[in-house]
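Novice: Quick one: structure below, then a few questions.
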Amino acid sequence: MIGSATASYQIEGAVNEGGRGASIWDAFSAIPGNIVNGDTGAIADDHYHRLESDLDLMSSLGLEAYRFSIAWPRIQPLGSGEPNQAGLEFYGRLVDGLLARGIRPIATLYHWDLPQALEDTGGWTSRETAYRFAEYAAIVGAYLGDRVDCWTTLNEPWCSAYLGYGSGAHAPGRTEPLAALKSVHHLQLAHGLALRELRRTVSTDAEYSVTLNFHVLRGDDATSAEAKRRIDALANRAFTGPMLRGEYPADLLEDTAGITDWAFVLPGDLEIIHQEIDFLGVNYYSTTTVRMWDGASPRENADGHKDVGGSPWPGSENVEFQTQAGPYTSMGWNIAPDGLEELLVSLSEQFPELPLVITENGAAFEDAVEDGAVHDDERVDYLRRHFAAAHRAMARGVDLRGYLVWSLLDNFEWGYGYSKRFGIVHVDYDTQVRTVKDSGLWLTTLIRERRLP
Ligand code: IFM
């Protein structure tokens, strides 16, 4: 399946409508200095009000699948208790509209918009949040489970835990190494509990998954092997270990021993987390080059994320993220399609029985509308080279089942606000006019002709 993806807070707007409660991103983006230009998701792409025309847009692009996320605070405004019917109905209309147009809905339960009321009681540092998430999953599963046959629990728990509670670049903006590690665990507990609830409530013969953003590590310094091992443990194996093998990696526990003994992992948790899934969602944008910092030379900090002072690498703060060779996207991320091929091959070697879906891949560039068109040649080139890389991986035996381009629409790019455009469709934020970029037309041709245009 080939299609595109978005996330609730990035596109919906209407943050005070339809009974929606506040999310951590409403609170975080209201604080001056947190988001470039003081932007917020209050209006975003106004997708909430433009649902029908956005569905028609997806149909005109010929998308086979559309990956969207459900805003928890629309379903449970305070993160627990009775569901908000208006919120459920909004997603019901979205799903019905997709099915009516022959587009497969892929529902993500959590793409970072935690109800603020739950953050007020500890957020992901609290075990209770995982139980609340299971209740939310059961509500959504019961409501949409007769129509949605493809589910993802979490999107990029790496970002939720380490950027949200470690570096502070993302909501809720906390900078506590212990909080980040507790969040790593409670997010995964939430994943396992939610899978159980989905399997209990969904009536379709559905596929279940989780989406991870893997770090593809490079580095040829004498210290790079150690740096790669550390970041692989924190970024990749901290999630694939519990979810796909039923254990935390021993070296991760050692590397973080100065912060915690991981006593918050209770007996039975790993059995809950380690459940069969039908495919693994893979988000890939670029590579990461590391070595250990010697403490003397000026330190590079090119880890590709907004530098806000706190570290997203608890226990491995001495890893140096080196500037990589270009070309770059407008995020400053290096363009490395071979990294995608390498990642897909490596995952299929590590987990041979597990099909893969690229749930996000795409690029931000400076786009301009000229005479009703957007000639985003760089994005077309980026996508062509990454699709080719995915194809090479398949030729090497990878069981790749889908490719979803990030993103359908230009949208609220978290700490960067509206300053970065990832869409295959341009959005004029003053008028909300949508203009399909050349990359969108390119994707349409690819889907129709099943070959790289
Ligand atoms: O916009 C984000 C998305 O929400 C999660 N994955 C990465 C994208 C680009 O930064």
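For the structure tokens, the naming scheme is as follows: chains receive sequential letters (A, B, ...) according to their order of presentation, residues are indexed from 1 within each chain, and ligands are indexed from 1 in presentation order.
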At a cut-off of 7 Å, can you tabulate as JSON lines every residue of chain A near ligand 1 together with its closest atom pair and the distance in Å to one decimal, using only C-alpha atoms and all ligand atoms and ordering rows by chain then number?
Specialist:
```
{"residue": "A:Ala7", "atom": "CA", "partner": "ligand 1", "partner_atom_place_in_ligand_line": "4 (O)", "distance": 6.3}
{"residue": "A:Glu156", "atom": "CA", "partner": "ligand 1", "partner_atom_place_in_ligand_line": "5 (C)", "distance": 6.9}
{"residue": "A:Asn283", "atom": "CA", "partner": "ligand 1", "partner_atom_place_in_ligand_line": "6 (N)", "distance": 6.8}
{"residue": "A:Glu360", "atom": "CA", "partner": "ligand 1", "partner_atom_place_in_ligand_line": "6 (N)", "distance": 6.7}
{"residue": "A:Trp406", "atom": "CA", "partner": "ligand 1", "partner_atom_place_in_ligand_line": "8 (C)", "distance": 6.9}
{"residue": "A:Glu413", "atom": "CA", "partner": "ligand 1", "partner_atom_place_in_ligand_line": "1 (O)", "distance": 5.1}
{"residue": "A:Trp414", "atom": "CA", "partner": "ligand 1", "partner_atom_place_in_ligand_line": "1 (O)", "distance": 6.8}
```
Novice: Residues of segment 180-202 of chain A within 12 Å of segment 244-253 of chain A: nearest atom pair and distance (Å, one decimal) for each, counting only C-alpha atoms, sorted by chain and number, as a tab-separated table?
Specialist:
```
residue	atom	partner	partner_atom	distance
A:Leu181	CA	A:Leu253	CA	10.3
A:Val184	CA	A:Tyr248	CA	10.8
A:His185	CA	A:Tyr248	CA	9.6
A:Gln188	CA	A:Gly246	CA	11.0
A:Leu189	CA	A:Gly246	CA	11.6
A:His191	CA	A:Leu244	CA	11.9
A:Gly192	CA	A:Gly246	CA	11.0
```
Novice: Just to be explicit: take each residue in the selection above, keep all heavy atoms, and write the result as a PDB file, in the first residue's frame.
Specialist:
```pdb
ATOM      1  N   LEU A 181      13.533   8.090  31.165  1.00  0.00           N
ATOM      2  CA  LEU A 181      13.635   6.619  31.176  1.00  0.00           C
ATOM      3  C   LEU A 181      12.346   5.980  31.702  1.00  0.00           C
ATOM      4  O   LEU A 181      11.903   4.944  31.184  1.00  0.00           O
ATOM      5  CB  LEU A 181      14.845   6.182  31.997  1.00  0.00           C
ATOM      6  CG  LEU A 181      16.191   6.627  31.396  1.00  0.00           C
ATOM      7  CD1 LEU A 181      17.352   6.248  32.319  1.00  0.00           C
ATOM      8  CD2 LEU A 181      16.406   6.031  30.007  1.00  0.00           C
ATOM      9  N   VAL A 184      10.053   5.985  28.813  1.00  0.00           N
ATOM     10  CA  VAL A 184      10.349   4.904  27.855  1.00  0.00           C
ATOM     11  C   VAL A 184       9.563   3.658  28.256  1.00  0.00           C
ATOM     12  O   VAL A 184       8.933   2.987  27.427  1.00  0.00           O
ATOM     13  CB  VAL A 184      11.870   4.596  27.852  1.00  0.00           C
ATOM     14  CG1 VAL A 184      12.162   3.258  27.173  1.00  0.00           C
ATOM     15  CG2 VAL A 184      12.640   5.724  27.165  1.00  0.00           C
ATOM     16  N   HIS A 185       9.575   3.359  29.539  1.00  0.00           N
ATOM     17  CA  HIS A 185       8.912   2.131  29.983  1.00  0.00           C
ATOM     18  C   HIS A 185       7.384   2.268  29.982  1.00  0.00           C
ATOM     19  O   HIS A 185       6.681   1.375  29.493  1.00  0.00           O
ATOM     20  CB  HIS A 185       9.406   1.737  31.372  1.00  0.00           C
ATOM     21  CG  HIS A 185       8.782   0.459  31.836  1.00  0.00           C
ATOM     22  ND1 HIS A 185       8.965  -0.733  31.156  1.00  0.00           N
ATOM     23  CD2 HIS A 185       7.930   0.188  32.859  1.00  0.00           C
ATOM     24  CE1 HIS A 185       8.275  -1.691  31.752  1.00  0.00           C
ATOM     25  NE2 HIS A 185       7.637  -1.165  32.782  1.00  0.00           N
ATOM     26  N   GLN A 188       5.790   2.020  26.649  1.00  0.00           N
ATOM     27  CA  GLN A 188       5.740   0.650  26.122  1.00  0.00           C
ATOM     28  C   GLN A 188       4.713  -0.204  26.865  1.00  0.00           C
ATOM     29  O   GLN A 188       4.056  -1.058  26.268  1.00  0.00           O
ATOM     30  CB  GLN A 188       7.122   0.018  26.194  1.00  0.00           C
ATOM     31  CG  GLN A 188       8.112   0.782  25.320  1.00  0.00           C
ATOM     32  CD  GLN A 188       9.394   0.026  25.118  1.00  0.00           C
ATOM     33  OE1 GLN A 188       9.456  -0.880  24.297  1.00  0.00           O
ATOM     34  NE2 GLN A 188      10.434   0.393  25.853  1.00  0.00           N
ATOM     35  N   LEU A 189       4.558   0.062  28.153  1.00  0.00           N
ATOM     36  CA  LEU A 189       3.498  -0.624  28.885  1.00  0.00           C
ATOM     37  C   LEU A 189       2.143  -0.239  28.283  1.00  0.00           C
ATOM     38  O   LEU A 189       1.265  -1.090  28.085  1.00  0.00           O
ATOM     39  CB  LEU A 189       3.579  -0.222  30.368  1.00  0.00           C
ATOM     40  CG  LEU A 189       2.594  -0.901  31.316  1.00  0.00           C
ATOM     41  CD1 LEU A 189       2.809  -2.417  31.333  1.00  0.00           C
ATOM     42  CD2 LEU A 189       2.754  -0.329  32.735  1.00  0.00           C
ATOM     43  N   HIS A 191       1.612   0.633  25.235  1.00  0.00           N
ATOM     44  CA  HIS A 191       1.521  -0.075  23.950  1.00  0.00           C
ATOM     45  C   HIS A 191       0.962  -1.490  24.158  1.00  0.00           C
ATOM     46  O   HIS A 191       0.014  -1.912  23.486  1.00  0.00           O
ATOM     47  CB  HIS A 191       2.907  -0.116  23.307  1.00  0.00           C
ATOM     48  CG  HIS A 191       3.126  -1.215  22.325  1.00  0.00           C
ATOM     49  ND1 HIS A 191       2.679  -1.167  21.025  1.00  0.00           N
ATOM     50  CD2 HIS A 191       3.752  -2.430  22.459  1.00  0.00           C
ATOM     51  CE1 HIS A 191       3.013  -2.283  20.385  1.00  0.00           C
ATOM     52  NE2 HIS A 191       3.663  -3.058  21.235  1.00  0.00           N
ATOM     53  N   GLY A 192       1.551  -2.195  25.120  1.00  0.00           N
ATOM     54  CA  GLY A 192       1.126  -3.581  25.354  1.00  0.00           C
ATOM     55  C   GLY A 192      -0.304  -3.659  25.854  1.00  0.00           C
ATOM     56  O   GLY A 192      -1.103  -4.486  25.381  1.00  0.00           O
TER      57      GLY A 192
END
```
Novice: At a cut-off of 6 Å, using only C-alpha atoms, what residues contact segment 157-173 of chain A? Leave out same-chain residues fewer than 2 positions from it and give the result as a list in words.
Specialist: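 Result of the neighbour search: Ile24, Trp25, Phe28, Asn155, Thr175, Glu176, Pro177, Ala179, Ala180, Ser183, Val184, Val308, Gly310, Ser311 and Pro312 of chain A.
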Novice: Find the spatial neighbours of Tyr143 of chain A, counting only C-alpha atoms, within a cut-off of 9 Å - ignore same-chain residues fewer than 5 positions away - and output them as a PyMOL selection string.
Specialist: chain A and resi 88-89+92+138+201-202
Novice: Quick one: DSSP strand (DSSP E or B) residues in segment 125-368 of chain A, as a VMD selection string?
Specialist: chain A and resid 150 to 155 207 to 213 216 to 218 279 to 283 287 to 292 301 319 to 322 328 334 356 to 360
Novice: May I ask which of the residues A:Glu317, A:Glu82, A:Asp376, A:Asp399 is the closest one to Ser348 of chain A, counting only C-alpha atoms?
Specialist: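 Distance minimum relative to Ser348 of chain A lands on A:Asp399.
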Novice: Pick out each residue of segment 97-312 of chain A that DSSP on the backbone tags as alpha helix (DSSP H); I need them as a PyMOL selection string.
Specialist: chain A and resi 97-100+116-119+127-144+157-158+177-201+224-231+238-240+250-255+269-273
Novice: What is the distance, in Å and to one decimal place, between atom CA of Gly281 of chain A and atom CA of Asn213 of chain A?
Specialist: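 Between atom CA of Gly281 of chain A and atom CA of Asn213 of chain A the gap is 8.5 Å.
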Novice: Go ahead and compute the interatomic distance for atom CA of Tyr131 of chain A and atom CA of Leu193 of chain A, in Å to one decimal.
Specialist: 7.2 Å
